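Enquirer: work-v1.txt is the file, holding compact mmCIF, C-alpha atoms and all ligand atoms:
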# COMPACT_ATOMS: atom_id res chain seq x y z
CA MET A 93 0.00 0.00 0.00
CA GLN A 94 1.24 3.46 -0.86
CA HIS A 95 0.47 6.32 1.47
CA GLY A 96 1.73 9.85 1.68
CA ARG A 97 4.77 10.84 3.65
CA GLY A 98 4.05 10.43 7.37
CA GLY A 99 1.14 8.06 6.74
CA VAL A 100 0.61 5.21 9.18
CA ASP A 101 1.81 2.52 6.82
CA ASP A 102 5.07 4.32 6.13
CA ALA A 103 6.43 3.69 9.60
CA ALA A 104 9.22 1.18 10.04
CA PRO A 105 8.46 -1.90 12.16
CA PRO A 106 9.03 -1.73 15.93
CA VAL A 107 12.60 -2.06 17.16
CA VAL A 108 12.47 -4.53 20.04
CA LEU A 109 15.26 -5.83 22.28
CA GLU A 110 14.46 -9.52 22.29
CA VAL A 111 15.23 -11.60 25.37
CA ASP A 112 15.41 -15.38 25.64
CA LEU A 113 13.02 -16.75 28.26
CA GLY A 114 13.11 -20.26 26.84
CA PRO A 115 11.83 -22.25 23.85
CA GLY A 116 8.31 -21.41 22.79
CA VAL A 117 8.31 -18.01 24.48
CA ARG A 118 8.52 -14.69 22.62
CA ALA A 119 9.69 -11.82 24.83
CA GLY A 120 11.29 -8.42 24.54
CA PHE A 121 11.39 -4.76 25.40
CA THR A 122 10.21 -2.19 22.89
CA THR A 123 12.11 1.02 22.19
CA ARG A 124 10.82 4.36 20.93
CA ALA A 125 11.38 3.25 17.36
CA GLY A 126 8.83 1.84 14.98
CA GLY A 127 5.55 3.54 15.77
CA VAL A 128 3.26 6.21 14.37
CA SER A 129 3.11 8.86 17.12
CA PRO A 130 4.67 12.32 16.62
CA GLU A 131 6.82 14.22 19.13
CA PRO A 132 6.81 14.21 22.13
CA TRP A 133 5.66 10.57 21.98
CA GLN A 134 7.79 9.75 18.98
CA SER A 135 7.16 7.12 17.97
CA LEU A 136 6.11 3.75 19.43
CA ASN A 137 4.12 5.11 22.37
CA LEU A 138 2.12 2.26 23.88
CA GLY A 139 0.58 4.20 26.78
CA LEU A 140 -2.90 5.66 26.80
CA ASN A 141 -3.46 8.55 29.23
CA VAL A 142 -0.27 10.36 28.29
CA THR A 143 -2.28 12.79 26.07
CA ASP A 144 -1.30 11.01 22.85
CA ASP A 145 -4.13 10.24 20.43
CA ALA A 146 -5.84 6.96 21.39
CA ALA A 147 -6.13 5.78 17.79
CA ARG A 148 -2.38 6.18 17.34
CA VAL A 149 -1.71 4.31 20.59
CA ARG A 150 -3.95 1.46 19.44
CA ALA A 151 -2.11 1.37 16.10
CA ASN A 152 1.18 1.21 18.00
CA ARG A 153 -0.16 -1.57 20.23
CA ALA A 154 -1.15 -3.52 17.11
CA ARG A 155 2.40 -3.07 15.82
CA ALA A 156 3.76 -4.42 19.12
CA GLY A 157 1.35 -7.35 18.89
CA ALA A 158 2.53 -8.10 15.36
CA TRP A 159 6.10 -8.35 16.67
CA LEU A 160 4.97 -10.55 19.57
CA GLY A 161 2.76 -12.78 17.42
CA ALA A 162 -0.23 -12.24 19.72
CA PRO A 163 -2.61 -9.43 20.64
CA VAL A 164 -1.25 -7.70 23.73
CA ALA A 165 -3.24 -7.22 26.94
CA PHE A 166 -2.35 -4.17 29.02
CA ALA A 167 -3.53 -3.35 32.54
CA SER A 168 -4.31 0.02 34.11
CA GLN A 169 -1.24 0.29 36.30
CA VAL A 170 -1.72 1.92 39.70
CA HIS A 171 1.58 1.21 41.52
CA GLY A 172 -0.05 -1.62 43.48
CA THR A 173 0.49 -5.35 43.81
CA ASP A 174 -2.67 -6.82 42.27
CA VAL A 175 -2.15 -9.51 39.64
CA ALA A 176 -4.62 -10.07 36.78
CA VAL A 177 -4.91 -13.55 35.28
CA VAL A 178 -5.50 -13.04 31.57
CA THR A 179 -7.24 -15.87 29.75
CA ASP A 180 -8.75 -14.16 26.74
CA ARG A 181 -6.71 -14.55 23.54
CA GLY A 182 -8.50 -11.65 22.02
CA SER A 183 -7.82 -9.15 24.80
CA ALA A 184 -8.36 -6.30 22.40
CA ALA A 185 -9.80 -3.95 25.03
CA ASP A 186 -7.61 -1.04 26.09
CA SER A 187 -7.19 -2.47 29.60
CA VAL A 188 -7.87 -5.69 31.50
CA GLY A 189 -8.51 -3.57 34.61
CA GLU A 190 -6.42 -2.19 37.43
CA ALA A 191 -3.37 -4.34 38.10
CA ASP A 192 0.42 -4.02 38.16
CA ALA A 193 1.13 -7.59 37.15
CA MET A 194 -0.44 -10.16 34.85
CA VAL A 195 -0.17 -13.89 34.31
CA ALA A 196 -1.24 -16.00 31.32
CA VAL A 197 -1.23 -19.74 30.69
CA ALA A 198 -2.65 -19.88 27.18
CA ALA A 199 -0.62 -19.72 23.98
CA GLY A 200 -1.31 -16.64 21.92
CA VAL A 201 -2.19 -14.41 24.88
CA GLY A 202 0.23 -11.48 24.88
CA LEU A 203 1.04 -9.58 28.05
CA GLY A 204 2.45 -6.06 28.10
CA VAL A 205 3.79 -3.92 30.93
CA LEU A 206 4.12 -0.17 30.36
CA VAL A 207 7.04 1.87 31.68
CA ALA A 208 9.09 5.03 31.30
CA ASP A 209 11.68 4.72 34.16
CA CYS A 210 9.91 2.09 36.31
CA VAL A 211 11.18 -1.49 35.96
CA PRO A 212 9.46 -3.86 33.51
CA VAL A 213 9.81 -7.51 34.51
CA LEU A 214 9.11 -10.48 32.21
CA LEU A 215 8.79 -14.03 33.53
CA ALA A 216 8.30 -17.50 32.06
CA ASP A 217 8.19 -21.11 33.19
CA VAL A 218 8.31 -22.87 29.83
CA GLU A 219 7.73 -26.33 31.23
CA ALA A 220 4.50 -25.29 32.99
CA GLY A 221 3.48 -22.98 30.17
CA VAL A 222 3.07 -19.94 32.41
CA VAL A 223 4.20 -16.39 31.61
CA GLY A 224 3.96 -13.19 33.61
CA VAL A 225 4.80 -9.50 33.68
CA ALA A 226 5.21 -6.99 36.47
CA HIS A 227 5.46 -3.20 36.70
CA ALA A 228 7.93 -2.44 39.49
CA GLY A 229 8.04 1.22 40.38
CA ARG A 230 9.17 2.38 43.76
CA ARG A 231 5.82 1.86 45.49
CA GLY A 232 4.91 -1.46 43.85
CA LEU A 233 8.38 -2.82 44.49
CA ALA A 234 8.33 -1.76 48.14
CA HIS A 235 4.89 -3.32 48.63
CA GLY A 236 5.88 -6.62 47.01
CA VAL A 237 4.69 -6.72 43.40
CA VAL A 238 7.53 -9.11 42.50
CA PRO A 239 6.67 -11.81 45.07
CA ALA A 240 2.98 -11.23 44.22
CA VAL A 241 3.42 -12.10 40.55
CA LEU A 242 5.57 -15.11 41.43
CA ASP A 243 2.82 -16.33 43.80
CA ALA A 244 0.25 -15.95 41.02
CA MET A 245 2.48 -17.88 38.63
CA ARG A 246 2.87 -20.63 41.24
CA SER A 247 -0.93 -20.78 41.61
CA ALA A 248 -1.14 -21.18 37.83
CA GLY A 249 1.18 -24.20 37.96
CA ALA A 250 4.64 -22.67 37.65
CA SER A 251 7.64 -23.70 39.68
CA VAL A 252 9.62 -20.64 40.75
CA GLY A 253 12.88 -22.58 40.48
CA ARG A 254 12.25 -23.04 36.77
CA VAL A 255 11.24 -19.46 36.07
CA ARG A 256 13.42 -17.37 33.78
CA ALA A 257 13.19 -13.63 34.33
CA ALA A 258 14.19 -10.57 32.32
CA VAL A 259 14.56 -7.21 34.06
CA GLY A 260 14.21 -4.49 31.45
CA PRO A 261 15.46 -0.95 30.84
CA SER A 262 14.64 1.47 33.67
CA ALA A 263 16.06 4.41 35.56
CA CYS A 264 19.35 3.24 37.05
CA GLY A 265 20.57 3.60 40.60
CA ARG A 266 23.13 6.26 39.61
CA CYS A 267 20.45 8.55 38.10
CA TYR A 268 17.22 8.00 40.01
CA GLU A 269 17.52 10.79 42.56
CA VAL A 270 14.97 10.90 45.40
CA PRO A 271 14.66 12.73 48.73
CA ALA A 272 16.63 11.12 51.57
CA THR A 273 13.45 10.23 53.46
CA MET A 274 12.08 8.40 50.43
CA ARG A 275 15.32 6.46 50.02
CA ASP A 276 15.14 5.44 53.68
CA GLU A 277 11.50 4.40 53.40
CA VAL A 278 11.93 2.23 50.30
CA ALA A 279 15.27 0.77 51.45
CA LEU A 280 13.65 -0.30 54.71
CA ALA A 281 11.36 -2.59 52.70
CA ARG A 282 13.89 -3.41 49.94
CA PRO A 283 17.49 -2.87 51.18
CA ALA A 284 19.04 -3.51 47.75
CA THR A 285 17.48 -0.29 46.44
CA TRP A 286 19.61 2.02 48.62
CA SER A 287 21.79 4.01 46.26
CA THR A 288 23.60 7.29 45.59
CA THR A 289 23.64 9.31 42.37
CA THR A 290 26.87 9.92 40.47
CA TRP A 291 26.66 13.46 41.86
CA GLY A 292 26.45 12.20 45.44
CA THR A 293 22.79 12.65 46.40
CA PRO A 294 20.27 10.05 47.69
CA ALA A 295 18.96 7.68 45.03
CA LEU A 296 17.07 4.42 44.57
CA ASP A 297 18.26 1.46 42.52
CA LEU A 298 14.94 -0.11 41.57
CA PRO A 299 16.35 -2.79 39.23
CA ALA A 300 18.68 -3.96 42.02
CA GLY A 301 15.61 -4.29 44.24
CA VAL A 302 13.80 -6.34 41.60
CA VAL A 303 16.79 -8.64 41.08
CA ALA A 304 17.12 -9.13 44.86
CA ASP A 305 13.42 -10.00 45.15
CA LEU A 306 13.67 -12.51 42.29
CA GLU A 307 16.75 -14.14 43.78
CA ALA A 308 15.25 -14.25 47.27
CA ALA A 309 12.18 -16.02 45.86
CA GLY A 310 14.37 -18.66 44.21
CA VAL A 311 14.46 -17.48 40.59
CA ALA A 312 17.87 -18.67 39.46
CA ASP A 313 17.92 -17.40 35.90
CA VAL A 314 17.71 -13.60 35.82
CA VAL A 315 18.80 -11.49 32.85
CA HIS A 316 19.16 -7.78 33.52
CA VAL A 317 19.04 -5.62 30.40
CA GLY A 318 21.16 -2.90 31.95
CA ALA A 319 20.06 0.09 29.86
CA CYS A 320 19.17 3.25 31.83
CA THR A 321 16.10 5.02 30.48
CA ILE A 322 17.20 8.44 31.76
CA GLU A 323 20.57 8.17 29.98
CA ASP A 324 19.61 6.15 26.90
CA GLU A 325 17.41 8.05 24.46
CA ARG A 326 16.28 4.89 22.72
CA PHE A 327 13.68 4.64 25.51
CA PHE A 328 10.93 6.85 26.88
CA SER A 329 11.88 8.43 30.21
CA HIS A 330 9.43 10.32 32.39
CA ARG A 331 12.29 11.93 34.34
CA ARG A 332 14.18 13.08 31.24
CA ALA A 333 11.00 14.50 29.68
CA ALA A 334 9.92 16.27 32.86
CA ARG A 335 13.35 17.88 33.15
CA GLY A 336 12.71 19.41 29.72
CA GLY A 337 9.19 20.46 30.71
CA SER A 338 7.64 17.92 28.36
CA THR A 339 5.50 14.82 28.50
CA THR A 340 6.51 11.51 26.95
CA GLY A 341 5.26 8.08 25.94
CA ARG A 342 5.54 4.60 27.39
CA PHE A 343 7.48 1.62 26.09
CA ALA A 344 6.68 -1.94 27.07
CA GLY A 345 7.95 -5.30 28.12
CA LEU A 346 6.12 -7.96 26.10
CA VAL A 347 5.79 -11.71 26.58
CA ALA A 348 3.67 -14.50 25.11
CA LEU A 349 3.68 -18.25 24.79
CA ALA A 350 4.07 -18.89 21.09
CA GLY A 351 1.16 -19.90 18.86
CA ALA A 352 -1.41 -22.54 19.74
ZN ZN A 401 21.19 6.06 34.73
Just dump the structure as structure tokens.
Expert:
Amino acid sequence: MQHGRGGVDDAAPPVVLEVDLGPGVRAGFTTRAGGVSPEPWQSLNLGLNVTDDAARVRANRARAGAWLGAPVAFASQVHGTDVAVVTDRGSAADSVGEADAMVAVAAGVGLGVLVADCVPVLLADVEAGVVGVAHAGRRGLAHGVVPAVLDAMRSAGASVGRVRAAVGPSACGRCYEVPATMRDEVALARPATWSTTTWGTPALDLPAGVVADLEAAGVADVVHVGACTIEDERFFSHRRAARGGSTTGRFAGLVALAGA
């Protein structure tokens, strides 16, 4: 199909950092590249409610689903610890409801977790045929969203010892500056998060907290995609955008059991 310059079908396909969670599982982290949204969401913005046009976001979500090989379910993330069990292959609705983690056991059900500095976590137990995602921001992490999603996977038949996890691009512990009281509060619940910026002020290392939670639960196989969203402009970053007085989009961690 031929369309004019800037038309939807002119956009290049999504650029996704693929991760290996085992045979029969498709998983990866999207970047900004390969969508249809203009600045400041340029271009693969997958988040609704960031003032981007909903039709463009849905088009971008379809592009992400095409990469994944399954329609992608997204939740309305509220920095909590609730886990949604997604069973509907055709989860075409904008949201499966309020949740910060999701689990699926059926092939062809895509799960997506939206972030722009928070930590996206992808999980799979290939043998049990169970996949999961979690959105680990500072509040969700402190309140236990990582053990919560592992519990839900266990209830769905997974064995935590067999789970492979990928911890995606997020704000790093050398950049994610917070007030000292906030660092103390979060580090009380998750000691591994205690950090200091490169310029010597209090910070939180959220990915370190996620990795510590996974290891404490018995997940032996953890891949950390070390990219920092604040430093690496391939990704959307809420902090970087806010510093420039702008809004931004959301990228996603995606996972699905391959075709039924
Ligand atoms: Zn950083």
Enquirer: Using all atoms listed in the file, find each residue with an atom at most 10 Å away from ligand ZN 401 (chain A) and format the answer as a ChimeraX atom specification.
Expert: /A:209,261-269,289-290,297,318-324
Enquirer: Which one is closest to Ala125 in chain A: A:Ala226, A:Ala350, A:Leu242, A:Ala344? Count all atoms listed in the file.
Expert: A:Ala344
Enquirer: Taking only C-alpha atoms into account, which of A:Val311, A:Ala234, A:Val317, A:Met245 comes nearest Ala258 in chain A?
Expert: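 Ranked by minimum distance to Ala258 in chain A, first place goes to A:Val317.
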Enquirer: Have a look at CA of Met274 in chain A and CA of Ala334 in chain A and let me know their distance in Å, one decimal.
Expert: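 According to the coordinates, CA of Met274 in chain A and CA of Ala334 in chain A are separated by 19.4 Å.
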Enquirer: Taking all atoms listed in the file into account, name the residue in A:Val142, A:Ala257, A:Ala147, A:Val211 that is nearest to Thr339 in chain A.
Expert: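 Result for the nearest residue to Thr339 in chain A: A:Val142.
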Enquirer: Pull range 269-280 of chain A out of the block and emit all heavy atoms, as a PDB file, in the first residue's frame.
Expert:
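Writing the result to result.pdb gives the following:
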ATOM      1  N   GLU A 269      17.408   9.989  41.346  1.00  0.00           N
ATOM      2  CA  GLU A 269      17.523  10.793  42.560  1.00  0.00           C
ATOM      3  C   GLU A 269      16.178  10.911  43.277  1.00  0.00           C
ATOM      4  O   GLU A 269      15.145  11.140  42.634  1.00  0.00           O
ATOM      5  CB  GLU A 269      18.015  12.195  42.177  1.00  0.00           C
ATOM      6  CG  GLU A 269      18.273  13.106  43.359  1.00  0.00           C
ATOM      7  CD  GLU A 269      18.815  14.469  42.907  1.00  0.00           C
ATOM      8  OE1 GLU A 269      18.270  15.044  41.936  1.00  0.00           O
ATOM      9  OE2 GLU A 269      19.788  14.934  43.508  1.00  0.00           O
ATOM     10  N   VAL A 270      16.190  10.743  44.584  1.00  0.00           N
ATOM     11  CA  VAL A 270      14.975  10.899  45.404  1.00  0.00           C
ATOM     12  C   VAL A 270      15.354  11.607  46.706  1.00  0.00           C
ATOM     13  O   VAL A 270      16.529  11.645  47.071  1.00  0.00           O
ATOM     14  CB  VAL A 270      14.343   9.515  45.749  1.00  0.00           C
ATOM     15  CG1 VAL A 270      13.835   8.809  44.497  1.00  0.00           C
ATOM     16  CG2 VAL A 270      15.317   8.638  46.525  1.00  0.00           C
ATOM     17  N   PRO A 271      14.354  12.157  47.409  1.00  0.00           N
ATOM     18  CA  PRO A 271      14.660  12.729  48.732  1.00  0.00           C
ATOM     19  C   PRO A 271      15.193  11.655  49.680  1.00  0.00           C
ATOM     20  O   PRO A 271      14.820  10.480  49.564  1.00  0.00           O
ATOM     21  CB  PRO A 271      13.302  13.246  49.215  1.00  0.00           C
ATOM     22  CG  PRO A 271      12.465  13.381  47.978  1.00  0.00           C
ATOM     23  CD  PRO A 271      12.955  12.317  47.036  1.00  0.00           C
ATOM     24  N   ALA A 272      16.023  12.069  50.626  1.00  0.00           N
ATOM     25  CA  ALA A 272      16.633  11.121  51.566  1.00  0.00           C
ATOM     26  C   ALA A 272      15.589  10.310  52.320  1.00  0.00           C
ATOM     27  O   ALA A 272      15.757   9.101  52.541  1.00  0.00           O
ATOM     28  CB  ALA A 272      17.541  11.874  52.536  1.00  0.00           C
ATOM     29  N   THR A 273      14.482  10.946  52.703  1.00  0.00           N
ATOM     30  CA  THR A 273      13.446  10.232  53.461  1.00  0.00           C
ATOM     31  C   THR A 273      12.817   9.132  52.616  1.00  0.00           C
ATOM     32  O   THR A 273      12.482   8.056  53.115  1.00  0.00           O
ATOM     33  CB  THR A 273      12.338  11.196  53.914  1.00  0.00           C
ATOM     34  OG1 THR A 273      11.915  11.970  52.792  1.00  0.00           O
ATOM     35  CG2 THR A 273      12.812  12.105  55.033  1.00  0.00           C
ATOM     36  N   MET A 274      12.669   9.402  51.327  1.00  0.00           N
ATOM     37  CA  MET A 274      12.083   8.398  50.433  1.00  0.00           C
ATOM     38  C   MET A 274      13.053   7.224  50.255  1.00  0.00           C
ATOM     39  O   MET A 274      12.636   6.058  50.256  1.00  0.00           O
ATOM     40  CB  MET A 274      11.768   9.033  49.084  1.00  0.00           C
ATOM     41  CG  MET A 274      11.016   8.114  48.150  1.00  0.00           C
ATOM     42  SD  MET A 274      10.682   8.913  46.567  1.00  0.00           S
ATOM     43  CE  MET A 274       9.399  10.078  47.041  1.00  0.00           C
ATOM     44  N   ARG A 275      14.335   7.539  50.120  1.00  0.00           N
ATOM     45  CA  ARG A 275      15.319   6.461  50.018  1.00  0.00           C
ATOM     46  C   ARG A 275      15.257   5.573  51.258  1.00  0.00           C
ATOM     47  O   ARG A 275      15.254   4.343  51.158  1.00  0.00           O
ATOM     48  CB  ARG A 275      16.726   7.029  49.832  1.00  0.00           C
ATOM     49  CG  ARG A 275      17.807   5.943  49.829  1.00  0.00           C
ATOM     50  CD  ARG A 275      19.191   6.456  49.513  1.00  0.00           C
ATOM     51  NE  ARG A 275      19.717   7.338  50.561  1.00  0.00           N
ATOM     52  CZ  ARG A 275      20.933   7.889  50.529  1.00  0.00           C
ATOM     53  NH1 ARG A 275      21.739   7.648  49.502  1.00  0.00           N
ATOM     54  NH2 ARG A 275      21.338   8.669  51.504  1.00  0.00           N
ATOM     55  N   ASP A 276      15.189   6.210  52.426  1.00  0.00           N
ATOM     56  CA  ASP A 276      15.143   5.438  53.682  1.00  0.00           C
ATOM     57  C   ASP A 276      13.906   4.547  53.733  1.00  0.00           C
ATOM     58  O   ASP A 276      13.981   3.381  54.135  1.00  0.00           O
ATOM     59  CB  ASP A 276      15.124   6.388  54.884  1.00  0.00           C
ATOM     60  CG  ASP A 276      16.456   7.115  55.061  1.00  0.00           C
ATOM     61  OD1 ASP A 276      17.442   6.712  54.406  1.00  0.00           O
ATOM     62  OD2 ASP A 276      16.499   8.093  55.841  1.00  0.00           O
ATOM     63  N   GLU A 277      12.779   5.113  53.335  1.00  0.00           N
ATOM     64  CA  GLU A 277      11.503   4.403  53.405  1.00  0.00           C
ATOM     65  C   GLU A 277      11.504   3.168  52.504  1.00  0.00           C
ATOM     66  O   GLU A 277      11.121   2.074  52.920  1.00  0.00           O
ATOM     67  CB  GLU A 277      10.426   5.382  52.922  1.00  0.00           C
ATOM     68  CG  GLU A 277       9.030   5.139  53.376  1.00  0.00           C
ATOM     69  CD  GLU A 277       8.149   6.286  52.851  1.00  0.00           C
ATOM     70  OE1 GLU A 277       8.190   7.373  53.457  1.00  0.00           O
ATOM     71  OE2 GLU A 277       7.480   6.094  51.819  1.00  0.00           O
ATOM     72  N   VAL A 278      11.944   3.342  51.249  1.00  0.00           N
ATOM     73  CA  VAL A 278      11.934   2.228  50.302  1.00  0.00           C
ATOM     74  C   VAL A 278      13.007   1.200  50.673  1.00  0.00           C
ATOM     75  O   VAL A 278      12.769  -0.014  50.618  1.00  0.00           O
ATOM     76  CB  VAL A 278      12.127   2.731  48.850  1.00  0.00           C
ATOM     77  CG1 VAL A 278      12.221   1.559  47.872  1.00  0.00           C
ATOM     78  CG2 VAL A 278      10.982   3.660  48.458  1.00  0.00           C
ATOM     79  N   ALA A 279      14.174   1.679  51.105  1.00  0.00           N
ATOM     80  CA  ALA A 279      15.266   0.769  51.450  1.00  0.00           C
ATOM     81  C   ALA A 279      14.965  -0.044  52.709  1.00  0.00           C
ATOM     82  O   ALA A 279      15.514  -1.126  52.906  1.00  0.00           O
ATOM     83  CB  ALA A 279      16.578   1.533  51.609  1.00  0.00           C
ATOM     84  N   LEU A 280      14.078   0.476  53.542  1.00  0.00           N
ATOM     85  CA  LEU A 280      13.649  -0.295  54.714  1.00  0.00           C
ATOM     86  C   LEU A 280      12.925  -1.564  54.263  1.00  0.00           C
ATOM     87  O   LEU A 280      13.126  -2.647  54.813  1.00  0.00           O
ATOM     88  CB  LEU A 280      12.717   0.583  55.571  1.00  0.00           C
ATOM     89  CG  LEU A 280      12.389   0.086  56.973  1.00  0.00           C
ATOM     90  CD1 LEU A 280      13.659   0.028  57.828  1.00  0.00           C
ATOM     91  CD2 LEU A 280      11.362   1.014  57.638  1.00  0.00           C
TER      92      LEU A 280
END
